[in-house]
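K.L.:
This one is run09.cif, mmCIF, C-alpha atoms.
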```cif
data_model
#
loop_
_atom_site.label_atom_id
_atom_site.label_comp_id
_atom_site.auth_asym_id
_atom_site.auth_seq_id
_atom_site.Cartn_x
_atom_site.Cartn_y
_atom_site.Cartn_z
CA MET L 21 16.47 -9.98 20.59
CA THR L 22 15.06 -9.74 24.12
CA PRO L 23 13.70 -6.27 24.92
CA HIS L 24 15.30 -4.51 27.87
CA ALA L 25 13.00 -2.34 29.96
CA ASP L 26 14.09 1.28 30.44
CA PRO L 27 10.98 3.28 31.39
CA ALA L 28 12.94 6.46 32.17
CA LYS L 29 14.40 6.60 28.67
CA GLY L 30 11.00 5.83 27.20
CA ALA L 31 9.50 8.75 29.11
CA ALA L 32 12.23 11.05 27.80
CA VAL L 33 11.66 9.91 24.21
CA LYS L 34 7.92 10.48 24.60
CA ALA L 35 8.41 13.91 26.14
CA ALA L 36 10.70 15.05 23.31
CA ASP L 37 8.22 13.76 20.75
CA ARG L 38 5.31 15.59 22.34
CA ALA L 39 7.36 18.79 22.60
CA HIS L 40 8.62 18.93 19.03
CA VAL L 41 7.26 16.32 16.58
CA PHE L 42 4.22 17.21 14.49
CA HIS L 43 2.46 13.96 13.50
CA SER L 44 0.62 13.29 10.25
CA TRP L 45 -3.15 12.80 10.03
CA SER L 46 -3.56 13.63 13.74
CA ALA L 47 -5.01 16.13 16.15
CA GLN L 48 -1.75 16.77 17.96
CA GLU L 49 -3.09 17.02 21.52
CA LEU L 50 -5.25 13.92 21.21
CA ILE L 51 -2.57 11.37 20.35
CA ASP L 52 -0.30 9.30 22.56
CA PRO L 53 2.39 7.75 20.32
CA LEU L 54 4.13 4.64 21.61
CA ALA L 55 7.84 5.14 22.27
CA VAL L 56 9.57 2.33 20.38
CA ALA L 57 12.87 0.99 21.69
CA GLY L 58 13.74 -1.47 18.93
CA ALA L 59 12.56 -3.89 16.27
CA GLU L 60 13.65 -7.09 14.60
CA GLY L 61 11.98 -9.28 12.01
CA ALA L 62 8.21 -9.22 12.50
CA HIS L 63 8.36 -7.75 16.04
CA PHE L 64 9.03 -4.47 17.79
CA TRP L 65 9.11 -3.50 21.47
CA ASP L 66 8.70 -0.50 23.73
CA TYR L 67 10.73 0.83 26.66
CA GLU L 68 8.50 -0.97 29.15
CA GLY L 69 9.70 -4.29 27.77
CA ASN L 70 6.43 -5.04 25.95
CA ARG L 71 6.95 -6.96 22.70
CA TYR L 72 4.49 -6.72 19.80
CA LEU L 73 3.91 -8.90 16.76
CA ASP L 74 3.56 -6.32 13.99
CA PHE L 75 0.58 -7.08 11.75
CA THR L 76 1.04 -3.69 10.01
CA SER L 77 4.59 -3.95 8.60
CA GLY L 78 5.05 -0.32 9.65
CA LEU L 79 2.75 1.23 7.07
CA VAL L 80 2.74 -1.94 4.96
CA TYR L 81 6.34 -1.50 3.86
CA THR L 82 8.69 -3.68 5.93
CA ASN L 83 8.19 -6.56 3.52
CA ILE L 84 11.39 -8.27 4.69
CA GLY L 85 10.89 -7.31 8.34
CA TYR L 86 12.87 -4.96 10.54
CA GLN L 87 16.67 -4.78 10.68
CA HIS L 88 17.53 -7.37 8.06
CA PRO L 89 21.33 -7.58 8.50
CA LYS L 90 22.13 -7.70 4.77
CA VAL L 91 20.21 -4.50 4.06
CA VAL L 92 21.59 -2.72 7.12
CA THR L 93 25.13 -3.67 6.04
CA ALA L 94 24.51 -2.50 2.47
CA VAL L 95 23.38 0.93 3.67
CA GLN L 96 26.36 1.20 6.00
CA GLU L 97 28.80 0.25 3.26
CA GLN L 98 27.25 2.66 0.77
CA ALA L 99 27.43 5.49 3.32
CA GLY L 100 31.14 4.84 3.72
CA ARG L 101 31.74 4.72 -0.03
CA LEU L 102 29.45 7.43 -1.49
CA ALA L 103 26.75 8.70 0.82
CA THR L 104 25.03 11.01 -1.66
CA PHE L 105 25.29 12.37 -5.19
CA ALA L 106 23.11 14.46 -7.49
CA PRO L 107 20.58 12.68 -9.74
CA ALA L 108 22.00 13.99 -13.06
CA PHE L 109 25.01 11.67 -12.80
CA ALA L 110 25.32 7.96 -13.53
CA ILE L 111 25.92 6.19 -10.21
CA ASP L 112 26.55 2.45 -10.06
CA VAL L 113 24.11 1.65 -7.25
CA ARG L 114 21.37 3.77 -8.86
CA SER L 115 21.82 2.01 -12.18
CA GLU L 116 21.77 -1.39 -10.50
CA ALA L 117 18.60 -0.62 -8.55
CA ALA L 118 16.89 0.50 -11.76
CA ARG L 119 18.04 -2.64 -13.58
CA LEU L 120 16.78 -4.97 -10.84
CA ILE L 121 13.41 -3.23 -10.70
CA ALA L 122 13.02 -3.19 -14.50
CA GLU L 123 13.79 -6.92 -14.61
CA ARG L 124 10.78 -7.58 -12.40
CA THR L 125 8.20 -5.15 -13.73
CA PRO L 126 5.73 -6.56 -16.26
CA GLY L 127 6.05 -6.00 -20.01
CA ASP L 128 8.28 -3.23 -21.35
CA LEU L 129 8.36 -1.06 -18.25
CA ASP L 130 12.12 -0.77 -18.54
CA LYS L 131 12.78 2.89 -17.64
CA ILE L 132 12.73 3.87 -13.96
CA PHE L 133 12.18 7.40 -12.65
CA PHE L 134 13.11 7.51 -8.97
CA THR L 135 11.25 9.52 -6.33
CA ASN L 136 11.42 9.72 -2.55
CA GLY L 137 8.16 7.86 -1.97
CA GLY L 138 4.80 6.75 -3.31
CA ALA L 139 3.00 10.10 -3.39
CA GLU L 140 5.74 11.66 -5.51
CA ALA L 141 5.62 8.60 -7.78
CA VAL L 142 1.90 9.17 -8.38
CA GLU L 143 2.50 12.90 -8.81
CA ASN L 144 5.02 12.26 -11.58
CA ALA L 145 3.00 9.49 -13.23
CA ALA L 146 0.08 11.91 -13.55
CA ARG L 147 2.37 14.53 -15.07
CA MET L 148 3.89 12.03 -17.51
CA ALA L 149 0.44 10.91 -18.67
CA ARG L 150 -0.80 14.46 -19.20
CA VAL L 151 2.29 15.57 -21.10
CA HIS L 152 2.40 12.35 -23.15
CA THR L 153 -1.24 12.61 -24.24
CA GLY L 154 -1.73 16.37 -24.18
CA ARG L 155 -4.99 15.77 -22.31
CA PRO L 156 -6.04 17.27 -18.95
CA LYS L 157 -8.24 14.73 -17.14
CA ILE L 158 -7.38 11.73 -14.99
CA LEU L 159 -9.95 9.21 -13.77
CA SER L 160 -9.50 7.72 -10.31
CA ALA L 161 -11.63 5.45 -8.17
CA TYR L 162 -13.53 6.01 -4.99
CA ARG L 163 -12.15 3.79 -2.21
CA SER L 164 -8.56 4.56 -3.12
CA TYR L 165 -5.48 6.22 -1.66
CA HIS L 166 -2.67 7.61 -3.81
CA GLY L 167 -0.69 9.86 -1.44
CA ALA L 168 -0.77 13.24 0.27
CA THR L 169 0.98 15.60 -2.16
CA ALA L 170 -1.05 18.00 -4.33
CA ALA L 171 -2.04 15.86 -7.31
CA ALA L 172 -1.91 12.57 -5.38
CA ILE L 173 -4.30 13.69 -2.63
CA ASN L 174 -6.77 15.00 -5.18
CA LEU L 175 -6.65 11.68 -7.01
CA THR L 176 -7.38 9.92 -3.72
CA GLY L 177 -10.90 8.61 -3.18
CA ASP L 178 -11.16 8.49 0.62
CA PRO L 179 -11.89 11.11 3.32
CA ARG L 180 -8.26 12.12 3.71
CA ARG L 181 -8.80 14.12 0.51
CA TRP L 182 -11.65 16.25 1.83
CA ALA L 183 -9.64 18.88 3.70
CA SER L 184 -7.49 19.52 0.62
CA ASP L 185 -10.16 19.13 -2.04
CA ASN L 186 -9.36 22.40 -3.78
CA GLY L 187 -7.09 21.20 -6.54
CA SER L 188 -9.22 18.59 -8.26
CA ALA L 189 -9.50 20.29 -11.66
CA GLY L 190 -9.05 17.54 -14.18
CA VAL L 191 -9.85 14.73 -11.73
CA VAL L 192 -12.94 12.59 -12.33
CA ARG L 193 -13.90 9.79 -9.97
CA PHE L 194 -15.66 6.52 -10.69
CA TRP L 195 -16.66 3.36 -8.81
CA ALA L 196 -14.35 0.37 -9.07
CA PRO L 197 -15.71 -3.12 -8.36
CA PHE L 198 -16.29 -4.26 -4.77
CA LEU L 199 -18.83 -7.06 -4.66
CA TYR L 200 -19.32 -7.12 -0.87
CA ARG L 201 -20.57 -3.50 -0.99
CA SER L 202 -21.45 -3.37 -4.67
CA PRO L 203 -22.38 0.05 -6.03
CA PHE L 204 -23.91 -1.81 -8.98
CA TYR L 205 -26.33 -4.10 -7.07
CA ALA L 206 -24.43 -7.10 -8.42
CA LYS L 207 -24.89 -10.59 -7.00
CA THR L 208 -21.91 -12.32 -8.62
CA GLU L 209 -18.33 -11.45 -9.53
CA GLU L 210 -19.27 -11.71 -13.20
CA GLN L 211 -22.06 -9.16 -12.78
CA GLU L 212 -19.84 -6.87 -10.73
CA CYS L 213 -17.09 -6.98 -13.34
CA ALA L 214 -19.41 -6.34 -16.30
CA ARG L 215 -21.32 -3.52 -14.59
CA ALA L 216 -18.15 -1.85 -13.30
CA LEU L 217 -16.65 -1.85 -16.79
CA ARG L 218 -19.88 -0.48 -18.27
CA HIS L 219 -19.94 2.25 -15.62
CA LEU L 220 -16.33 3.18 -16.40
CA GLU L 221 -17.00 3.31 -20.12
CA ASP L 222 -20.09 5.44 -19.55
CA THR L 223 -18.05 7.82 -17.40
CA ILE L 224 -15.47 8.12 -20.17
CA ALA L 225 -18.19 8.77 -22.76
CA TYR L 226 -19.76 11.56 -20.72
CA GLU L 227 -16.41 13.14 -19.84
CA GLY L 228 -15.15 12.96 -23.42
CA PRO L 229 -12.52 10.32 -24.24
CA GLN L 230 -10.40 12.91 -26.07
CA SER L 231 -10.01 14.83 -22.79
CA ILE L 232 -8.82 11.91 -20.63
CA ALA L 233 -5.08 11.41 -20.15
CA ALA L 234 -5.10 8.47 -17.74
CA ILE L 235 -6.99 6.07 -15.55
CA ILE L 236 -5.21 5.37 -12.27
CA LEU L 237 -6.05 2.34 -10.15
CA GLU L 238 -4.43 0.60 -7.24
CA THR L 239 -3.99 -2.88 -8.72
CA ILE L 240 -5.37 -4.17 -5.41
CA PRO L 241 -6.52 -1.23 -3.27
CA GLY L 242 -4.61 -1.14 0.01
CA THR L 243 -5.71 1.19 2.81
CA ALA L 244 -9.17 1.45 1.26
CA GLY L 245 -9.86 -2.21 1.96
CA ILE L 246 -7.77 -4.76 0.00
CA MET L 247 -10.53 -5.44 -2.52
CA VAL L 248 -9.13 -7.94 -5.02
CA PRO L 249 -10.72 -7.06 -8.39
CA PRO L 250 -12.86 -9.74 -10.03
CA PRO L 251 -11.45 -11.78 -12.92
CA GLY L 252 -11.59 -9.84 -16.16
CA TYR L 253 -11.83 -6.36 -14.67
CA LEU L 254 -8.27 -5.13 -15.09
CA PRO L 255 -7.94 -6.68 -18.58
CA GLY L 256 -11.20 -4.91 -19.40
CA VAL L 257 -9.81 -1.58 -18.20
CA ARG L 258 -6.68 -2.21 -20.26
CA GLU L 259 -8.81 -2.78 -23.38
CA ILE L 260 -10.81 0.41 -22.77
CA CYS L 261 -7.61 2.42 -22.34
CA ASP L 262 -6.18 0.99 -25.56
CA ARG L 263 -9.35 1.81 -27.46
CA TYR L 264 -9.39 5.46 -26.41
CA GLY L 265 -5.67 6.16 -26.25
CA ILE L 266 -5.80 6.55 -22.46
CA VAL L 267 -2.73 5.84 -20.30
CA LEU L 268 -3.26 3.08 -17.72
CA VAL L 269 -1.46 3.79 -14.45
CA LEU L 270 -1.33 1.01 -11.87
CA ASP L 271 -0.44 2.13 -8.36
CA GLU L 272 1.57 -0.67 -6.75
CA VAL L 273 3.02 1.42 -3.93
CA MET L 274 1.51 -0.94 -1.37
CA ALA L 275 0.77 -4.08 -3.40
CA GLY L 276 4.17 -4.35 -5.09
CA PHE L 277 7.38 -6.19 -4.25
CA GLY L 278 6.02 -9.48 -3.01
CA ARG L 279 3.13 -8.27 -0.88
CA THR L 280 0.51 -10.30 -2.80
CA GLY L 281 2.74 -13.31 -3.47
CA THR L 282 4.06 -12.06 -6.81
CA TRP L 283 6.65 -9.37 -7.50
CA PHE L 284 3.82 -7.09 -8.66
CA ALA L 285 0.10 -7.61 -8.20
CA ALA L 286 -0.49 -6.97 -11.93
CA GLU L 287 0.92 -10.46 -12.54
CA HIS L 288 -2.21 -12.00 -10.98
CA PHE L 289 -4.30 -10.43 -13.74
CA ASP L 290 -1.90 -10.68 -16.69
CA VAL L 291 -2.08 -6.93 -17.28
CA VAL L 292 0.73 -4.57 -18.29
CA PRO L 293 0.13 -0.89 -17.49
CA ASP L 294 1.72 2.05 -19.28
CA LEU L 295 3.03 3.44 -15.98
CA LEU L 296 3.51 1.62 -12.68
CA THR L 297 4.17 3.44 -9.41
CA PHE L 298 6.07 1.79 -6.57
CA ALA L 299 7.65 2.58 -3.17
CA LYS L 300 7.39 0.92 0.27
CA GLY L 301 8.49 -2.69 -0.35
CA VAL L 302 11.13 -1.75 -2.95
CA ASN L 303 13.56 -1.47 -0.04
CA SER L 304 11.27 -2.24 2.90
CA GLY L 305 11.33 1.42 3.88
CA TYR L 306 14.89 1.28 5.21
CA VAL L 307 15.63 4.55 3.35
CA PRO L 308 12.79 6.46 1.60
CA LEU L 309 12.47 5.49 -2.08
CA GLY L 310 9.74 5.32 -4.70
CA GLY L 311 9.46 5.56 -8.43
CA VAL L 312 7.64 5.19 -11.72
CA ALA L 313 8.29 2.33 -14.13
CA ILE L 314 7.72 3.67 -17.64
CA SER L 315 6.68 1.95 -20.88
CA GLY L 316 8.72 2.30 -24.04
CA GLU L 317 6.08 4.43 -25.76
CA ILE L 318 5.90 6.98 -22.95
CA ALA L 319 9.69 6.99 -22.52
CA ASP L 320 9.98 7.82 -26.23
CA THR L 321 7.91 10.96 -25.67
CA PHE L 322 10.79 12.33 -23.66
CA ALA L 323 13.62 11.07 -25.86
CA ARG L 324 14.14 14.53 -27.38
CA ARG L 325 11.72 16.51 -25.28
CA PRO L 326 12.78 17.33 -21.72
CA TYR L 327 10.69 15.75 -19.01
CA PRO L 328 9.33 18.67 -16.93
CA GLY L 329 10.02 17.23 -13.48
CA GLY L 330 12.73 16.23 -11.07
CA LEU L 331 13.72 15.80 -7.44
CA THR L 332 16.87 16.76 -5.56
CA TYR L 333 17.20 13.31 -4.04
CA SER L 334 15.97 11.22 -6.98
CA GLY L 335 17.71 7.85 -6.81
CA HIS L 336 19.57 8.67 -3.59
CA PRO L 337 22.55 6.29 -3.27
CA LEU L 338 21.64 5.13 0.25
CA ALA L 339 18.05 4.41 -0.78
CA CYS L 340 19.19 2.60 -3.93
CA ALA L 341 21.72 0.54 -1.97
CA ALA L 342 18.87 -0.53 0.32
CA ALA L 343 16.76 -1.41 -2.75
CA VAL L 344 19.51 -3.52 -4.33
CA ALA L 345 20.08 -5.38 -1.07
CA THR L 346 16.35 -5.85 -0.45
CA ILE L 347 15.66 -7.23 -3.92
CA ASP L 348 18.67 -9.53 -3.64
CA VAL L 349 17.46 -10.77 -0.24
CA MET L 350 13.96 -11.36 -1.58
CA ALA L 351 15.35 -13.40 -4.47
CA GLU L 352 17.89 -15.36 -2.40
CA GLU L 353 15.48 -16.14 0.45
CA GLY L 354 12.39 -16.80 -1.68
CA VAL L 355 10.38 -14.06 0.05
CA VAL L 356 7.87 -13.66 -2.77
CA GLU L 357 7.19 -17.38 -2.91
CA HIS L 358 6.96 -17.49 0.88
CA ALA L 359 4.36 -14.70 0.88
CA ALA L 360 2.27 -16.65 -1.62
CA ARG L 361 2.57 -19.80 0.46
CA ILE L 362 1.82 -18.15 3.82
CA GLY L 363 -1.26 -16.55 2.32
CA ARG L 364 -2.51 -19.73 0.69
CA ASP L 365 -1.75 -22.16 3.52
CA VAL L 366 -1.89 -20.14 6.74
CA LEU L 367 -3.37 -16.63 6.61
CA GLY L 368 -6.20 -17.29 4.16
CA PRO L 369 -7.49 -20.49 5.80
CA GLY L 370 -6.88 -19.12 9.29
CA LEU L 371 -8.77 -15.89 8.67
CA ARG L 372 -11.67 -17.72 7.03
CA ASP L 373 -11.83 -19.96 10.10
CA LEU L 374 -12.05 -16.85 12.29
CA ALA L 375 -14.88 -15.56 10.11
CA ASP L 376 -16.77 -18.82 10.61
CA ARG L 377 -16.55 -18.43 14.40
CA HIS L 378 -16.95 -14.67 14.82
CA PRO L 379 -20.20 -13.08 13.63
CA SER L 380 -18.51 -9.65 13.61
CA VAL L 381 -16.41 -10.72 10.61
CA GLY L 382 -18.47 -9.95 7.53
CA GLU L 383 -15.89 -10.79 4.88
CA VAL L 384 -12.31 -12.00 4.50
CA ARG L 385 -10.39 -11.01 1.38
CA GLY L 386 -6.81 -10.87 0.20
CA LEU L 387 -3.77 -12.56 -1.27
CA GLY L 388 -0.26 -13.37 -0.04
CA ALA L 389 0.53 -11.23 3.02
CA PHE L 390 -2.22 -8.73 2.14
CA TRP L 391 -5.59 -9.37 3.86
CA ALA L 392 -8.56 -7.49 5.29
CA LEU L 393 -11.35 -8.41 7.68
CA GLU L 394 -14.54 -6.41 7.23
CA LEU L 395 -16.07 -6.01 10.69
CA VAL L 396 -19.85 -5.62 10.91
CA ARG L 397 -22.64 -5.12 13.42
CA ASP L 398 -24.96 -7.41 11.49
CA PRO L 399 -23.63 -10.08 9.11
CA ASP L 400 -26.98 -10.23 7.29
CA THR L 401 -27.42 -6.52 6.56
CA ARG L 402 -23.61 -5.97 6.41
CA GLU L 403 -23.95 -2.84 8.52
CA PRO L 404 -20.36 -1.78 9.32
CA LEU L 405 -19.20 -2.11 12.92
CA VAL L 406 -18.66 1.67 12.91
CA PRO L 407 -20.02 4.29 10.48
CA TYR L 408 -17.98 5.43 7.50
CA ASN L 409 -15.14 7.73 8.60
CA ALA L 410 -16.27 7.50 12.24
CA SER L 411 -14.39 9.27 15.02
CA GLY L 412 -14.74 9.79 18.76
CA GLU L 413 -17.50 7.85 20.49
CA ALA L 414 -18.89 6.59 17.18
CA ASN L 415 -15.61 4.75 16.62
CA ALA L 416 -15.57 3.19 20.11
CA PRO L 417 -16.08 -0.44 18.97
CA MET L 418 -13.02 -0.34 16.70
CA THR L 419 -11.01 1.44 19.40
CA ALA L 420 -11.92 -1.29 21.87
CA PHE L 421 -10.95 -3.98 19.38
CA ALA L 422 -7.59 -2.31 18.68
CA THR L 423 -6.92 -1.93 22.40
CA ALA L 424 -7.61 -5.63 22.95
CA CYS L 425 -5.13 -6.53 20.20
CA LYS L 426 -2.39 -4.37 21.67
CA LYS L 427 -2.91 -5.66 25.20
CA SER L 428 -2.38 -9.18 23.92
CA GLY L 429 0.85 -8.27 22.09
CA LEU L 430 -0.54 -7.88 18.57
CA TRP L 431 -0.17 -4.52 16.81
CA PRO L 432 -3.14 -4.21 14.39
CA PHE L 433 -3.72 -2.20 11.23
CA ILE L 434 -7.08 -0.46 11.70
CA ASN L 435 -8.93 1.57 9.09
CA MET L 436 -12.60 2.50 9.54
CA ASN L 437 -14.51 -0.77 10.15
CA ARG L 438 -11.67 -3.04 9.03
CA THR L 439 -8.59 -4.66 10.42
CA HIS L 440 -5.94 -5.51 7.85
CA VAL L 441 -3.58 -8.43 8.26
CA VAL L 442 -0.40 -7.24 6.54
CA PRO L 443 2.64 -8.70 8.33
CA ALA L 444 6.14 -8.94 6.94
CA CYS L 445 6.12 -11.05 3.77
CA ASN L 446 8.71 -13.34 5.35
CA ILE L 447 6.82 -13.85 8.62
CA SER L 448 7.26 -17.41 9.83
CA GLU L 449 4.39 -19.88 9.90
CA THR L 450 4.63 -20.00 13.70
CA GLU L 451 4.48 -16.21 14.01
CA ALA L 452 1.54 -16.03 11.60
CA LYS L 453 -0.39 -18.64 13.59
CA ASP L 454 0.45 -16.85 16.85
CA GLY L 455 -0.97 -13.65 15.35
CA LEU L 456 -4.15 -15.40 14.31
CA THR L 457 -4.59 -16.73 17.85
CA LEU L 458 -4.25 -13.22 19.27
CA LEU L 459 -6.65 -11.88 16.64
CA ASP L 460 -9.13 -14.60 17.58
CA GLU L 461 -9.10 -13.38 21.19
CA ALA L 462 -9.55 -9.73 20.24
CA LEU L 463 -12.47 -10.44 17.90
CA THR L 464 -14.58 -11.43 20.90
CA VAL L 465 -14.55 -7.70 21.72
CA ALA L 466 -15.91 -6.89 18.26
CA ASP L 467 -18.52 -9.66 18.63
CA ALA L 468 -19.84 -7.96 21.76
CA HIS L 469 -21.02 -5.00 19.65
CA LEU L 470 -23.37 -7.01 17.45
#
```
Represent the supplied structure as structure tokens.

P.N.:
Amino acid sequence: MTPHADPAKGAAVKAADRAHVFHSWSAQELIDPLAVAGAEGAHFWDYEGNRYLDFTSGLVYTNIGYQHPKVVTAVQEQAGRLATFAPAFAIDVRSEAARLIAERTPGDLDKIFFTNGGAEAVENAARMARVHTGRPKILSAYRSYHGATAAAINLTGDPRRWASDNGSAGVVRFWAPFLYRSPFYAKTEEQECARALRHLEDTIAYEGPQSIAAIILETIPGTAGIMVPPPGYLPGVREICDRYGIVLVLDEVMAGFGRTGTWFAAEHFDVVPDLLTFAKGVNSGYVPLGGVAISGEIADTFARRPYPGGLTYSGHPLACAAAVATIDVMAEEGVVEHAARIGRDVLGPGLRDLADRHPSVGEVRGLGAFWALELVRDPDTREPLVPYNASGEANAPMTAFATACKKSGLWPFINMNRTHVVPACNISETEAKDGLTLLDEALTVADAHL
């Protein structure tokens, strides 16, 4: 679709936003949100007629791109047939969404508890683990993000937790593996894996295994940096959990539904968790939906004991209709396989080529349509391009880089000293290469800060 310029309407949309909309994670008077006129596939455009290639997939959720006609039609048809109904009833589209999800989750995760998004999924997974085990503590990693509701934000291991860090009773944090910035002074993936597992087991020993309900990990951390765990790490965590009777929760809110080139990232590591949280890509964000996939053992806990949780809109028919249509589209169009291929043949090689030519790129890492570039001031010392959690003038180099991207027509995902490359999983090869060309141009701005 060709964008049609209408600056007057754009100004009106912006004015209404600034008058009435309260934005998340923002100082309200310091932001200038873009007024978006439309979107299609891997692109969106503003009211000035500027078109952007979206390397963010919204917030890493439009896995099948914007406005897929089959999903739009499914939502429209469901609205005309049964727009909403309470969660205590059996509804065909809800049952079908649960069946399709359960078919694709690993192992025996065959029961699906629906939520409105990823944070609520984590919230309920934590509750399930605590009730199932009768234990109070949950271990979570630094360099993680699990959502912004009460339990989820306190399980989070990045600075967004700090302002709300008053409900962390029962939360214990540990270091997960990240070889590029190893907290264990490791030189190889094997060392990083072994030392990270030893550190986790030591943490459990000092906290008391009998007090720990769950360990929660993003299978591949998303916003925190897309750090693919080394071979053997997740199986090692699984073994530790089994040994101590600890529930393993894998957070696949961002990594799930094709993002890494498999239906769920756990498949890369041949690991089956006890609970798996999902959202985002389950229906590409067309209508808010999330959930928890539950193992048989934990489901049995609540066979004759009421589960102490619920949501008014759990399994909303419109959201479930979008999920059914999205999963069908992904299967029919080979979206998961395409994501694997575009990562292996285009994004991975292309990003590594950029790293070879731009000294500001310290590391490239990722899988499928899920990549991160670590930007540095010095490739030898690995000093980040901007300090941890920088803002204002200290963050100027990343701001300049982001501005260069946007001016060229590329909308980047920026977090701290990284840019993430997370386009729609069905982005075409041509679009992906176009994005890499635009990224190449913008990285010259980052290079200037070495």

K.L.:
Would you kindly return, as a ChimeraX atom specification, each protein, DNA or RNA residue with an atom no farther than 12 Å from any atom of Leu159 of chain L, considering only C-alpha atoms and excluding same-chain residues fewer than 5 positions away?

P.N.:
/L:146,149-150,164,174-177,188-196,220-221,223-224,227-229,231-237,257,261,266-269

K.L.:
Just so the selection is clear, what residues does the PyMOL selection byres ((chain L and resi 406) around 9) cover here, as a ChimeraX atom specification?

P.N.:
/L:395-397,403-405,407-411,414-418,436-437

K.L.:
Between atom CA of Phe42 of chain L and atom CA of Tyr72 of chain L, what is the distance in Å, rounded to a tenth?

P.N.:
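Between these atoms lies a distance of 24.5 Å.
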
K.L.:
Quick check on the file I pasted: which residues fall under the PyMOL selection byres ((chain L and resi 312) around 12)? Write them as a VMD selection string.

P.N.:
chain L and resid 118 121 to 122 125 129 to 149 269 to 273 293 to 299 302 309 to 311 313 to 315 318 to 319 334 to 335

K.L.:
Record the distance separating atom CA of Leu430 of chain L and atom CA of Lys300 of chain L, expressed in Å with one decimal.

P.N.:
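These two atoms are separated by 21.8 Å.
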
K.L.:
Rank L:Ile158, L:Gly429, L:Ile51, L:Ala444 by their smallest atom-to-atom distance to Trp65 of chain L, using only C-alpha atoms, and report the top residue only.

P.N.:
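Closest to Trp65 of chain L of all the choices is L:Gly429.
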
K.L.:
Compare L:Ala161, L:Ala389, L:Ala468, L:Ile347 by their minimum atom-to-atom distance to Arg364 of chain L, counting only C-alpha atoms, and give me the closest one.

P.N.:
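Looking only at the distances to Arg364 of chain L, the closest residue turns out to be L:Ala389.
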
K.L.:
Atom CA of Thr76 of chain L to atom CA of Pro399 of chain L: how many Å, to one decimal?

P.N.:
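Interatomic distance here is 25.5 Å.
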
K.L.:
Once the PyMOL selection byres ((chain L and resi 307) around 12) is applied to the coordinates I shared, what remains selected? I want it as a VMD selection string.

P.N.:
chain L and resid 81 to 82 87 91 to 92 94 to 96 99 135 to 137 299 to 306 308 to 310 333 335 to 346

K.L.:
Deliver the residues from the most recent selection as a file, using C-alpha atoms, as a PDB file, keeping the file's coordinate frame.

P.N.:
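The result, stored in again_33.pdb:
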```
ATOM      1  CA  TYR L  81       6.340  -1.500   3.860  1.00  0.00           C
ATOM      2  CA  THR L  82       8.690  -3.680   5.930  1.00  0.00           C
ATOM      3  CA  GLN L  87      16.670  -4.780  10.680  1.00  0.00           C
ATOM      4  CA  VAL L  91      20.210  -4.500   4.060  1.00  0.00           C
ATOM      5  CA  VAL L  92      21.590  -2.720   7.120  1.00  0.00           C
ATOM      6  CA  ALA L  94      24.510  -2.500   2.470  1.00  0.00           C
ATOM      7  CA  VAL L  95      23.380   0.930   3.670  1.00  0.00           C
ATOM      8  CA  GLN L  96      26.360   1.200   6.000  1.00  0.00           C
ATOM      9  CA  ALA L  99      27.430   5.490   3.320  1.00  0.00           C
ATOM     10  CA  THR L 135      11.250   9.520  -6.330  1.00  0.00           C
ATOM     11  CA  ASN L 136      11.420   9.720  -2.550  1.00  0.00           C
ATOM     12  CA  GLY L 137       8.160   7.860  -1.970  1.00  0.00           C
ATOM     13  CA  ALA L 299       7.650   2.580  -3.170  1.00  0.00           C
ATOM     14  CA  LYS L 300       7.390   0.920   0.270  1.00  0.00           C
ATOM     15  CA  GLY L 301       8.490  -2.690  -0.350  1.00  0.00           C
ATOM     16  CA  VAL L 302      11.130  -1.750  -2.950  1.00  0.00           C
ATOM     17  CA  ASN L 303      13.560  -1.470  -0.040  1.00  0.00           C
ATOM     18  CA  SER L 304      11.270  -2.240   2.900  1.00  0.00           C
ATOM     19  CA  GLY L 305      11.330   1.420   3.880  1.00  0.00           C
ATOM     20  CA  TYR L 306      14.890   1.280   5.210  1.00  0.00           C
ATOM     21  CA  PRO L 308      12.790   6.460   1.600  1.00  0.00           C
ATOM     22  CA  LEU L 309      12.470   5.490  -2.080  1.00  0.00           C
ATOM     23  CA  GLY L 310       9.740   5.320  -4.700  1.00  0.00           C
ATOM     24  CA  TYR L 333      17.200  13.310  -4.040  1.00  0.00           C
ATOM     25  CA  GLY L 335      17.710   7.850  -6.810  1.00  0.00           C
ATOM     26  CA  HIS L 336      19.570   8.670  -3.590  1.00  0.00           C
ATOM     27  CA  PRO L 337      22.550   6.290  -3.270  1.00  0.00           C
ATOM     28  CA  LEU L 338      21.640   5.130   0.250  1.00  0.00           C
ATOM     29  CA  ALA L 339      18.050   4.410  -0.780  1.00  0.00           C
ATOM     30  CA  CYS L 340      19.190   2.600  -3.930  1.00  0.00           C
ATOM     31  CA  ALA L 341      21.720   0.540  -1.970  1.00  0.00           C
ATOM     32  CA  ALA L 342      18.870  -0.530   0.320  1.00  0.00           C
ATOM     33  CA  ALA L 343      16.760  -1.410  -2.750  1.00  0.00           C
ATOM     34  CA  VAL L 344      19.510  -3.520  -4.330  1.00  0.00           C
ATOM     35  CA  ALA L 345      20.080  -5.380  -1.070  1.00  0.00           C
ATOM     36  CA  THR L 346      16.350  -5.850  -0.450  1.00  0.00           C
TER      37      THR L 346
END
```

K.L.:
Compare L:Asp454, L:Asp365, L:Asp373, L:Glu383 by their minimum atom-to-atom distance to Asp398 of chain L, counting only C-alpha atoms, and give me the closest one.

P.N.:
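Between L:Asp454, L:Asp365, L:Asp373, L:Glu383, the residue approaching Asp398 of chain L most closely is L:Glu383.
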